[in-house]
>>> print(open('entry-v9.txt').read())   # compact mmCIF, C-alpha atoms
# COMPACT_ATOMS: atom_id res chain seq x y z
CA MET G 13 13.60 74.65 -23.38
CA VAL G 14 9.95 74.35 -24.25
CA GLU G 15 10.67 70.91 -25.57
CA GLU G 16 12.46 70.06 -22.32
CA THR G 17 9.52 71.26 -20.24
CA ARG G 18 7.14 69.30 -22.39
CA THR G 19 9.19 66.18 -21.92
CA ASP G 20 9.46 66.66 -18.19
CA SER G 21 5.81 67.35 -17.85
CA LEU G 22 5.02 64.23 -19.78
CA SER G 23 2.05 63.09 -17.82
CA PRO G 24 2.24 59.52 -16.67
CA ILE G 25 -0.06 57.32 -18.61
CA GLU G 26 -2.80 55.98 -16.48
CA PRO G 27 -1.94 52.30 -16.07
CA PRO G 28 -4.75 49.96 -16.89
CA PRO G 29 -6.05 47.94 -13.96
CA ALA G 30 -3.72 45.11 -14.91
CA THR G 31 -3.71 43.42 -11.52
CA SER G 32 -7.45 42.87 -11.37
CA ARG G 33 -7.52 41.68 -15.00
CA SER G 34 -4.60 39.34 -14.32
CA SER G 35 -6.30 38.03 -11.20
CA LEU G 36 -9.48 37.32 -13.13
CA ARG G 37 -7.54 35.51 -15.85
CA SER G 38 -5.62 33.52 -13.21
CA LEU G 39 -8.88 32.55 -11.56
CA GLY G 40 -10.17 31.49 -14.99
CA VAL G 41 -7.13 29.27 -15.52
CA ILE G 42 -7.51 27.73 -12.05
CA GLY G 43 -11.23 27.18 -12.70
CA VAL G 44 -10.59 25.36 -15.99
CA LEU G 45 -7.81 23.37 -14.30
CA VAL G 46 -10.11 22.24 -11.49
CA ILE G 47 -12.77 21.13 -14.00
CA VAL G 48 -10.27 19.18 -16.15
CA VAL G 49 -8.68 17.51 -13.12
CA LEU G 50 -12.10 16.56 -11.75
CA VAL G 51 -13.06 15.05 -15.12
CA LEU G 52 -9.83 13.02 -15.18
CA LEU G 53 -10.32 11.93 -11.58
CA SER G 54 -13.91 10.92 -12.22
CA GLN G 55 -12.72 8.74 -15.11
CA GLY G 56 -9.87 7.23 -13.18
CA LEU G 57 -9.06 7.46 -9.52
CA LEU G 58 -12.44 8.30 -8.00
CA GLN G 59 -14.18 5.35 -9.66
CA SER G 60 -11.50 2.82 -8.99
CA LEU G 61 -8.40 3.77 -7.08
CA ASN G 62 -7.54 0.10 -7.36
CA TYR G 63 -7.81 -0.83 -11.00
CA PHE G 64 -8.89 -4.45 -10.45
CA GLU G 65 -10.03 -7.08 -7.98
CA THR G 66 -7.79 -10.11 -7.56
CA VAL G 67 -9.31 -13.57 -7.88
CA ASP G 68 -8.96 -14.03 -4.11
CA GLN G 69 -10.71 -10.73 -3.34
CA ALA G 70 -13.47 -11.38 -5.86
CA LEU G 71 -14.22 -14.80 -4.44
CA THR G 72 -14.22 -13.44 -0.89
CA GLN G 73 -16.81 -10.83 -1.89
CA ARG G 74 -18.56 -13.21 -4.26
CA VAL G 75 -22.14 -12.60 -3.06
CA ALA G 76 -21.75 -8.84 -2.82
CA LEU G 77 -20.31 -8.62 -6.33
CA GLY G 78 -23.13 -10.66 -7.88
CA THR G 79 -23.10 -10.12 -11.64
CA LYS G 80 -21.67 -6.60 -11.44
CA VAL G 81 -19.11 -5.70 -14.12
CA ILE G 82 -15.62 -5.72 -12.62
CA ARG G 83 -11.98 -6.03 -13.65
CA LEU G 84 -10.70 -9.38 -12.44
CA GLU G 85 -6.99 -10.13 -12.10
CA GLY G 86 -5.35 -13.53 -11.99
CA VAL G 87 -2.63 -15.64 -13.54
CA VAL G 88 -3.52 -17.74 -16.60
CA ALA G 89 -3.27 -21.40 -15.56
CA PRO G 90 -1.10 -23.47 -17.94
CA GLY G 91 -2.92 -25.96 -20.16
CA THR G 92 -6.29 -24.27 -19.81
CA ILE G 93 -6.27 -21.94 -22.82
CA ALA G 94 -8.72 -22.87 -25.58
CA ARG G 95 -9.79 -20.86 -28.60
CA THR G 96 -13.52 -20.29 -28.93
CA ASN G 97 -15.55 -19.00 -31.89
CA ASP G 98 -15.38 -15.41 -30.70
CA GLY G 99 -12.42 -15.36 -28.33
CA ALA G 100 -10.78 -17.65 -25.79
CA SER G 101 -11.54 -19.57 -22.63
CA PHE G 102 -9.05 -20.21 -19.85
CA THR G 103 -8.73 -20.48 -16.09
CA ILE G 104 -7.14 -17.82 -13.91
CA THR G 105 -5.77 -18.48 -10.46
CA GLY G 106 -5.23 -16.36 -7.37
CA SER G 107 -2.53 -16.64 -4.75
CA GLY G 108 -4.29 -19.50 -3.00
CA ASN G 109 -6.10 -22.37 -4.66
CA HIS G 110 -8.83 -20.08 -5.92
CA ARG G 111 -9.64 -20.57 -9.61
CA VAL G 112 -12.08 -18.83 -11.94
CA PHE G 113 -13.05 -20.09 -15.40
CA VAL G 114 -13.07 -17.23 -17.91
CA VAL G 115 -14.89 -17.15 -21.24
CA ALA G 116 -13.74 -14.00 -23.03
CA GLN G 117 -14.81 -12.41 -26.29
CA GLY G 118 -12.43 -10.73 -28.72
CA SER G 119 -8.82 -11.29 -29.64
CA PRO G 120 -6.47 -11.60 -26.67
CA PRO G 121 -3.46 -9.25 -26.63
CA GLN G 122 -0.19 -10.22 -28.27
CA LEU G 123 1.44 -11.25 -24.97
CA PHE G 124 -1.46 -13.43 -23.80
CA GLN G 125 -0.09 -16.84 -22.78
CA ALA G 126 0.03 -19.31 -19.91
CA ASN G 127 1.48 -18.15 -16.56
CA ILE G 128 1.01 -14.46 -17.37
CA PRO G 129 -1.12 -12.17 -15.16
CA VAL G 130 -4.20 -10.84 -16.91
CA VAL G 131 -6.97 -8.40 -16.08
CA VAL G 132 -10.33 -9.39 -17.56
CA VAL G 133 -13.24 -6.94 -17.79
CA GLY G 134 -16.57 -8.70 -17.36
CA HIS G 135 -18.90 -10.26 -14.80
CA PHE G 136 -19.68 -13.55 -13.11
CA VAL G 137 -22.44 -15.49 -14.87
CA SER G 138 -24.47 -15.70 -11.65
CA SER G 139 -23.96 -14.90 -8.00
CA THR G 140 -22.93 -18.47 -7.27
CA SER G 141 -21.14 -19.42 -10.48
CA LEU G 142 -17.35 -19.56 -10.83
CA GLN G 143 -17.61 -18.76 -14.54
CA PHE G 144 -16.64 -15.24 -15.56
CA ASP G 145 -17.82 -13.79 -18.87
CA GLY G 146 -15.21 -11.37 -20.16
CA THR G 147 -15.50 -8.67 -22.78
CA GLN G 148 -11.88 -7.58 -22.77
CA ILE G 149 -8.56 -9.16 -21.80
CA MET G 150 -5.61 -7.04 -20.72
CA VAL G 151 -2.18 -8.43 -19.96
CA LYS G 152 -0.49 -7.17 -16.82
CA HIS G 153 3.14 -7.92 -17.51
CA SER G 154 5.84 -7.78 -14.84
CA SER G 155 8.55 -5.16 -14.42
CA SER G 156 11.32 -7.73 -14.89
CA TYR G 157 13.11 -7.80 -18.21
CA ILE G 158 15.11 -10.94 -18.92
CA ALA G 159 16.98 -11.78 -22.12
CA ALA G 160 15.17 -14.42 -24.15
CA HIS G 161 18.33 -16.47 -24.72
CA PRO G 162 20.91 -15.35 -22.14
CA SER G 163 23.31 -18.20 -22.89
CA ARG G 164 23.15 -17.79 -26.64
CA VAL G 165 26.52 -16.89 -28.15
CA LYS G 166 27.35 -15.32 -31.47
CA ALA G 167 29.35 -17.34 -33.95
CA PRO G 168 32.29 -15.67 -35.72
CA ASN G 169 30.15 -15.40 -38.85
CA GLY G 170 27.56 -13.40 -36.88
CA THR G 171 24.89 -16.08 -36.56
CA SER G 172 23.46 -17.05 -33.17
CA ARG G 173 23.81 -20.52 -31.73
CA MET Z 14 35.80 25.73 -18.54
CA ILE Z 15 32.05 26.29 -18.20
CA LYS Z 16 31.82 27.46 -21.81
CA PHE Z 17 33.77 24.40 -22.92
CA THR Z 18 31.37 22.12 -20.99
CA GLN Z 19 28.38 23.92 -22.47
CA ARG Z 20 29.82 23.52 -25.94
CA LEU Z 21 30.23 19.80 -25.33
CA LEU Z 22 26.67 19.35 -24.06
CA GLY Z 23 25.09 19.09 -27.51
CA PRO Z 24 27.55 16.61 -29.05
CA VAL Z 25 27.66 14.43 -25.89
CA THR Z 26 23.85 14.35 -25.78
CA LEU Z 27 23.71 13.34 -29.42
CA ALA Z 28 26.36 10.64 -28.89
CA CYS Z 29 24.54 9.19 -25.85
CA LEU Z 30 21.20 9.09 -27.65
CA ALA Z 31 22.76 7.59 -30.79
CA ALA Z 32 24.49 4.91 -28.69
CA THR Z 33 21.18 4.17 -26.91
CA PHE Z 34 19.38 3.69 -30.21
CA VAL Z 35 22.14 1.49 -31.65
CA LEU Z 36 22.27 -0.65 -28.49
CA GLY Z 37 18.49 -0.69 -28.15
CA LEU Z 38 17.72 -1.60 -31.74
CA TRP Z 39 20.59 -3.88 -32.75
CA VAL Z 40 22.79 -5.02 -29.86
CA THR Z 41 20.46 -5.86 -26.96
CA PRO Z 42 18.60 -9.18 -27.00
CA GLU Z 43 14.87 -9.81 -27.12
CA ASP Z 44 13.01 -10.10 -23.82
CA ARG Z 45 11.79 -13.55 -22.74
CA THR Z 46 8.15 -12.40 -22.58
CA GLN Z 47 7.88 -9.21 -24.59
CA LYS Z 48 10.27 -10.18 -27.40
CA ASN Z 49 11.11 -7.08 -29.50
CA LEU Z 50 8.54 -4.91 -27.73
CA VAL Z 51 11.07 -4.58 -24.92
CA ARG Z 52 12.98 -2.08 -27.06
CA LEU Z 53 10.58 0.61 -25.88
CA LEU Z 54 12.23 0.14 -22.48
CA TYR Z 55 15.15 2.22 -23.73
CA VAL Z 56 12.91 5.15 -24.59
CA HIS Z 57 9.77 5.26 -22.43
CA PRO Z 58 11.22 5.06 -18.88
CA PRO Z 59 14.03 7.57 -19.62
CA ILE Z 60 11.50 10.03 -21.09
CA ALA Z 61 9.23 9.55 -18.07
CA TRP Z 62 12.24 10.06 -15.77
CA VAL Z 63 12.97 13.42 -17.40
CA ALA Z 64 9.30 14.46 -17.46
CA LEU Z 65 8.52 13.68 -13.84
CA TYR Z 66 11.73 14.01 -11.89
CA VAL Z 67 14.33 16.00 -13.82
CA SER Z 68 12.30 18.73 -15.52
CA PHE Z 69 9.38 19.05 -13.11
CA GLY Z 70 11.91 18.75 -10.28
CA THR Z 71 14.07 21.54 -11.74
CA ALA Z 72 11.00 23.75 -12.14
CA THR Z 73 9.99 23.09 -8.53
CA ILE Z 74 13.47 23.74 -7.11
CA ALA Z 75 13.83 26.93 -9.17
CA SER Z 76 10.38 28.02 -7.92
CA CYS Z 77 11.42 27.41 -4.31
CA LEU Z 78 14.60 29.40 -4.88
CA TYR Z 79 12.56 32.23 -6.38
CA LEU Z 80 10.26 32.36 -3.36
CA TRP Z 81 13.18 32.28 -0.95
CA LYS Z 82 14.22 35.93 -0.46
CA ARG Z 83 17.96 35.23 -0.36
CA THR Z 84 17.99 33.57 -3.77
CA ARG Z 85 15.12 35.46 -5.41
CA SER Z 86 15.89 36.61 -8.93
CA MET Z 87 14.17 36.66 -12.29
CA ASN Z 88 16.73 34.09 -13.44
CA MET Z 89 15.13 31.54 -11.12
CA ASP Z 90 11.73 32.40 -12.54
CA ARG Z 91 13.10 31.95 -16.07
CA ILE Z 92 14.62 28.56 -15.18
CA ALA Z 93 11.32 27.42 -13.66
CA HIS Z 94 9.38 28.61 -16.70
CA CYS Z 95 11.73 27.00 -19.25
CA SER Z 96 11.91 23.73 -17.28
CA MET Z 97 8.14 23.53 -17.10
CA GLU Z 98 7.86 24.03 -20.86
CA VAL Z 99 10.28 21.18 -21.47
CA SER Z 100 8.47 19.12 -18.84
CA ALA Z 101 5.15 19.59 -20.66
CA VAL Z 102 6.74 18.26 -23.86
CA PHE Z 103 8.26 15.27 -22.07
CA ILE Z 104 5.02 14.45 -20.24
CA VAL Z 105 3.20 14.34 -23.59
CA LEU Z 106 5.99 12.13 -24.98
CA THR Z 107 5.69 9.88 -21.90
CA LEU Z 108 1.98 9.42 -22.53
CA ILE Z 109 2.49 8.80 -26.26
CA THR Z 110 5.33 6.26 -25.88
CA GLY Z 111 3.42 4.60 -23.03
CA SER Z 112 0.37 4.21 -25.24
CA ILE Z 113 2.47 2.79 -28.08
CA TRP Z 114 3.92 0.25 -25.64
CA GLY Z 115 0.59 -0.44 -23.94
CA ARG Z 116 -1.37 -1.37 -27.05
CA PRO Z 117 0.58 -4.55 -27.94
CA THR Z 118 1.49 -5.54 -24.37
CA TRP Z 119 -1.61 -4.74 -22.29
CA GLY Z 120 -3.95 -4.85 -25.28
CA VAL Z 121 -5.23 -1.28 -24.77
CA TRP Z 122 -3.96 2.17 -25.68
CA TRP Z 123 -5.05 3.63 -22.36
CA ALA Z 124 -6.22 2.44 -18.95
CA TRP Z 125 -7.69 4.66 -16.26
CA ASP Z 126 -5.44 3.28 -13.56
CA ALA Z 127 -3.76 5.34 -10.86
CA ARG Z 128 -0.37 5.66 -12.62
CA LEU Z 129 -1.72 6.76 -15.99
CA THR Z 130 -4.40 9.05 -14.60
CA SER Z 131 -2.01 10.81 -12.19
CA THR Z 132 0.53 11.28 -15.02
CA ALA Z 133 -2.16 12.80 -17.24
CA ILE Z 134 -3.07 15.13 -14.36
CA LEU Z 135 0.59 16.21 -14.12
CA GLY Z 136 0.45 17.06 -17.82
CA VAL Z 137 -2.62 19.22 -17.18
CA PHE Z 138 -0.77 20.90 -14.28
CA ALA Z 139 2.19 21.71 -16.56
CA LEU Z 140 -0.13 23.24 -19.19
CA ALA Z 141 -2.02 25.14 -16.49
CA TYR Z 142 1.28 26.54 -15.21
CA LEU Z 143 2.07 27.88 -18.69
CA ALA Z 144 -1.45 29.29 -19.04
CA LEU Z 145 -1.16 30.91 -15.62
CA ARG Z 146 2.00 32.68 -16.72
CA ARG Z 147 0.22 34.09 -19.76
CA ALA Z 148 -2.67 35.24 -17.58
CA ASN Z 149 -0.46 37.58 -15.54
CA ASP Z 150 1.01 40.77 -17.03
CA ASP Z 151 3.06 41.94 -14.06
CA PRO Z 152 6.38 40.00 -14.10
CA VAL Z 153 6.70 39.95 -10.31
CA VAL Z 154 3.13 38.81 -9.69
CA ARG Z 155 3.51 36.27 -12.50
CA ALA Z 156 6.72 34.87 -11.04
CA ARG Z 157 5.29 34.62 -7.52
CA ARG Z 158 2.01 32.98 -8.55
CA SER Z 159 3.74 30.57 -10.93
CA ALA Z 160 6.26 29.56 -8.26
CA VAL Z 161 3.53 28.83 -5.71
CA PHE Z 162 1.55 26.89 -8.32
CA ALA Z 163 4.59 24.80 -9.36
CA ILE Z 164 5.35 23.87 -5.75
CA LEU Z 165 1.74 22.93 -5.00
CA THR Z 166 1.40 20.76 -8.11
CA ALA Z 167 4.73 19.01 -7.45
CA ILE Z 168 2.89 17.04 -4.73
CA ASN Z 169 1.60 14.93 -7.61
CA VAL Z 170 5.08 13.63 -8.48
CA PRO Z 171 5.49 11.32 -5.43
CA ILE Z 172 1.86 10.24 -5.93
CA ILE Z 173 2.75 9.13 -9.48
CA HIS Z 174 5.91 7.40 -8.29
CA PHE Z 175 4.24 5.43 -5.50
CA SER Z 176 0.90 4.87 -7.28
CA VAL Z 177 2.02 1.41 -8.40
CA VAL Z 178 2.88 0.55 -4.80
CA TRP Z 179 -0.08 2.13 -3.00
CA TRP Z 180 -2.77 0.91 -5.39
CA LYS Z 181 -3.40 -1.96 -7.78
CA THR Z 182 -2.61 -0.72 -11.28
CA LEU Z 183 -2.35 -2.19 -14.76
CA HIS Z 184 0.96 -0.38 -15.10
CA GLN Z 185 3.84 -2.52 -13.87
CA GLY Z 186 5.97 -1.57 -10.88
CA ALA Z 187 9.38 0.06 -11.05
CA SER Z 188 12.26 -1.68 -12.80
CA VAL Z 189 14.82 0.75 -11.39
CA LEU Z 190 14.37 3.07 -8.39
CA THR Z 191 12.61 0.18 -6.62
CA SER Z 192 11.97 0.27 -2.87
CA THR Z 193 14.46 -2.57 -2.38
CA GLY Z 194 17.07 -1.01 -4.66
CA GLN Z 195 16.89 -4.09 -6.87
CA LEU Z 196 17.38 -3.73 -10.62
CA ASN Z 197 14.93 -5.83 -12.61
CA VAL Z 198 16.61 -5.48 -15.98
CA HIS Z 199 19.03 -7.99 -17.40
CA GLY Z 200 22.64 -7.42 -18.60
CA SER Z 201 23.07 -5.33 -21.74
CA MET Z 202 19.40 -4.33 -21.58
CA LEU Z 203 20.19 -2.50 -18.34
CA LEU Z 204 23.19 -0.80 -19.91
CA ALA Z 205 21.11 0.44 -22.86
CA MET Z 206 18.38 1.67 -20.55
CA LEU Z 207 20.78 3.51 -18.22
CA LEU Z 208 22.47 5.09 -21.23
CA GLY Z 209 18.99 6.21 -22.32
CA PHE Z 210 18.50 7.80 -18.89
CA VAL Z 211 21.79 9.71 -19.27
CA GLY Z 212 21.06 10.70 -22.89
CA PHE Z 213 17.56 12.01 -22.26
CA THR Z 214 18.69 13.81 -19.08
CA LEU Z 215 21.42 15.56 -21.07
CA LEU Z 216 18.84 16.34 -23.75
CA PHE Z 217 16.73 18.05 -21.11
CA PHE Z 218 19.65 20.24 -19.98
CA TRP Z 219 20.51 21.08 -23.58
CA LEU Z 220 16.90 22.06 -24.32
CA LEU Z 221 16.73 24.03 -21.06
CA ARG Z 222 19.92 25.91 -21.94
CA GLU Z 223 18.69 26.81 -25.41
CA ARG Z 224 15.23 27.78 -24.15
CA TYR Z 225 16.75 29.88 -21.37
CA ARG Z 226 18.95 31.74 -23.84
CA LEU Z 227 15.92 32.45 -26.00
CA GLU Z 228 13.99 33.73 -23.00
CA VAL Z 229 16.81 36.10 -22.02
CA LYS Z 230 16.96 37.43 -25.61
CA ARG Z 231 13.20 37.87 -25.61
CA ASP Z 232 13.32 39.85 -22.34
CA VAL Z 233 16.13 42.06 -23.67
CA ALA Z 234 14.22 42.66 -26.91
CA SER Z 235 11.05 43.40 -24.98
CA ALA Z 236 12.84 45.92 -22.74
CA ALA Z 237 14.46 47.56 -25.80
CA THR Z 238 11.08 47.84 -27.51
CA LEU Z 239 9.61 49.48 -24.42
CA ASP Z 240 12.49 51.96 -24.19
CA GLU Z 241 12.13 52.75 -27.87
CA ALA Z 242 8.39 53.31 -27.51
CA LEU Z 243 8.91 55.62 -24.53
CA SER Z 244 11.56 57.66 -26.29
CA LEU Z 245 9.34 57.93 -29.34
CA ARG Z 246 6.52 59.26 -27.22
CA ARG Z 247 8.90 61.73 -25.61
CA ARG Z 248 10.05 62.92 -29.01
CA GLU Z 249 6.47 63.33 -30.12
CA GLY Z 250 5.88 65.31 -26.94
CA VAL Z 251 2.76 63.47 -26.08
>>> encode(input="entry-v9.txt", output="structure tokens")
Amino acid sequence: MVEETRTDSLSPIEPPPATSRSSLRSLGVIGVLVIVVLVLLSQGLLQSLNYFETVDQALTQRVALGTKVIRLEGVVAPGTIARTNDGASFTITGSGNHRVFVVAQGSPPQLFQANIPVVVVGHFVSSTSLQFDGTQIMVKHSSSYIAAHPSRVKAPNGTSR
Amino acid sequence: MIKFTQRLLGPVTLACLAATFVLGLWVTPEDRTQKNLVRLLYVHPPIAWVALYVSFGTATIASCLYLWKRTRSMNMDRIAHCSMEVSAVFIVLTLITGSIWGRPTWGVWWAWDARLTSTAILGVFALAYLALRRANDDPVVRARRSAVFAILTAINVPIIHFSVVWWKTLHQGASVLTSTGQLNVHGSMLLAMLLGFVGFTLLFFWLLRERYRLEVKRDVASAATLDEALSLRRREGV
């Protein structure tokens, strides 16, 4: 009976102020989240929502851009690629007849070739020049995937013809 | 019937993924521009599909159902939690496979363009969701806060999807799910890629099922431990 009474009179344990502690921890998580997101945004979207300027846009804003470092996008004109001592030179074209001569340092990416869109990081040599000095070439490939040899058939012995 | 389907989920997932790898590595042709690098097409877009739409989408829907009084239950909270965990894994895999593809094609491991940055932010949101759950001790408060957080952060998913349309990005546009409904992938390459989509989607549901089961067992064990502790205290007469 005594035991029963003791059990019944088991005083409720004072709950710790869990809600306020949880709220503080939640606020901490949100705070860290805001900081990390702001850091990512400052690296990416806030600096350049648009990752590059097209050749047409760059030439339209030619004076305003001056020799500022930009990312310039255009299609590599066929027959213009030449290897230099420390990289490559080539011409990129915009949608109109706009053309920019690029002298880039470093090895071009594996897919670099004529008729492929590229993004070159660099700057115009002067505010009137059409020569662009690049420090990095990036290839902007399309979202179309086409078989290299669609009409190629397999011979009975397994070789391709 | 349901049990039979559940039992089949694992083997069918394995078969789909195996077929994707066989098709992707040996049967499908090289791409005209990317050559053999195109084989990442059968892995990266399906993983991104699961990360962004399937798993994050499941977590968001389950969160909405938890907040809606008529469908509110801890099961919904569990589904949201488990989906978000799987989503976090798939977002990391998306970023890793994207980097592996980006290095030889673009020439860089990473670019701070709108698509990549917004995907990285989604990864941070998924981790923050999991941290937020650990920050709250009360299950009801935890479920409510997590649900609201998941719904708010899901706004980022359409931003990621349309980032390549709204802004100029280094990342290419969509090959499937395009605005015109056009498919930009050729013949057997398309088949391998779609099979990859099915395989990785099934993998998500298999992982979700296993993770959900584990979560239920954990909750049962936790409740049993609490009951045991209370009865022990009663016996001690404290």
>>> closest_residue(input="entry-v9.txt", among="Z:Leu65, Z:Leu216, Z:Ala148, Z:Ala156", to="chain G", atoms="all atoms listed in the file")
Z:Ala148
>>> interface_residues(input="entry-v9.txt", of="chain Z", to="chain G", cutoff="6 Å", atoms="only C-alpha atoms", output="VMD selection string")
chain Z and resid 42 to 45 117 to 120 125 to 127 130 145 148 to 149 180 to 183 185 to 186 188 197 to 199 247
>>> write_last_selection(input="entry-v9.txt", atoms="C-alpha atoms", output="PDB file, keeping the file's coordinate frame")
ATOM      1  CA  PRO Z  42      18.600  -9.180 -27.000  1.00  0.00           C
ATOM      2  CA  GLU Z  43      14.870  -9.810 -27.120  1.00  0.00           C
ATOM      3  CA  ASP Z  44      13.010 -10.100 -23.820  1.00  0.00           C
ATOM      4  CA  ARG Z  45      11.790 -13.550 -22.740  1.00  0.00           C
ATOM      5  CA  PRO Z 117       0.580  -4.550 -27.940  1.00  0.00           C
ATOM      6  CA  THR Z 118       1.490  -5.540 -24.370  1.00  0.00           C
ATOM      7  CA  TRP Z 119      -1.610  -4.740 -22.290  1.00  0.00           C
ATOM      8  CA  GLY Z 120      -3.950  -4.850 -25.280  1.00  0.00           C
ATOM      9  CA  TRP Z 125      -7.690   4.660 -16.260  1.00  0.00           C
ATOM     10  CA  ASP Z 126      -5.440   3.280 -13.560  1.00  0.00           C
ATOM     11  CA  ALA Z 127      -3.760   5.340 -10.860  1.00  0.00           C
ATOM     12  CA  THR Z 130      -4.400   9.050 -14.600  1.00  0.00           C
ATOM     13  CA  LEU Z 145      -1.160  30.910 -15.620  1.00  0.00           C
ATOM     14  CA  ALA Z 148      -2.670  35.240 -17.580  1.00  0.00           C
ATOM     15  CA  ASN Z 149      -0.460  37.580 -15.540  1.00  0.00           C
ATOM     16  CA  TRP Z 180      -2.770   0.910  -5.390  1.00  0.00           C
ATOM     17  CA  LYS Z 181      -3.400  -1.960  -7.780  1.00  0.00           C
ATOM     18  CA  THR Z 182      -2.610  -0.720 -11.280  1.00  0.00           C
ATOM     19  CA  LEU Z 183      -2.350  -2.190 -14.760  1.00  0.00           C
ATOM     20  CA  GLN Z 185       3.840  -2.520 -13.870  1.00  0.00           C
ATOM     21  CA  GLY Z 186       5.970  -1.570 -10.880  1.00  0.00           C
ATOM     22  CA  SER Z 188      12.260  -1.680 -12.800  1.00  0.00           C
ATOM     23  CA  ASN Z 197      14.930  -5.830 -12.610  1.00  0.00           C
ATOM     24  CA  VAL Z 198      16.610  -5.480 -15.980  1.00  0.00           C
ATOM     25  CA  HIS Z 199      19.030  -7.990 -17.400  1.00  0.00           C
ATOM     26  CA  ARG Z 247       8.900  61.730 -25.610  1.00  0.00           C
TER      27      ARG Z 247
END
>>> atom_distance(input="entry-v9.txt", atom1="CA of Arg155 in chain Z", atom2="CA of Thr214 in chain Z")
27.9 Å
>>> residues_around(input="entry-v9.txt", residues="range 71-87 of chain Z", least_positions_apart="2", cutoff="8 Å", atoms="all atoms listed in the file", output="list in words")
Tyr66, Val67, Ser68, Phe69, Met89, Asp90, Arg91, Ile92, Ala93, His94, Cys95, Ser96, Met97, Ala156, Arg157, Ser159, Ala160, Val161, Ala163, Ile164 and Ala167 of chain Z
>>> atom_distance(input="entry-v9.txt", atom1="CA of Thr147 in chain G", atom2="CA of Leu71 in chain G")
19.4 Å
>>> closest_residue(input="entry-v9.txt", among="G:Phe113, G:Ala100, G:Arg95, G:Phe136", to="Ala70 in chain G", atoms="all atoms listed in the file")
G:Phe136
>>> residues_around(input="entry-v9.txt", residues="Gly99 in chain G", least_positions_apart="4", cutoff="6 Å", atoms="only C-alpha atoms", output="PyMOL selection string")
chain G and resi 116-119
>>> closest_residue(input="entry-v9.txt", among="G:Val88, G:Thr140, G:Arg83, G:Ala94", to="Arg111 in chain G", atoms="all atoms listed in the file")
G:Val88
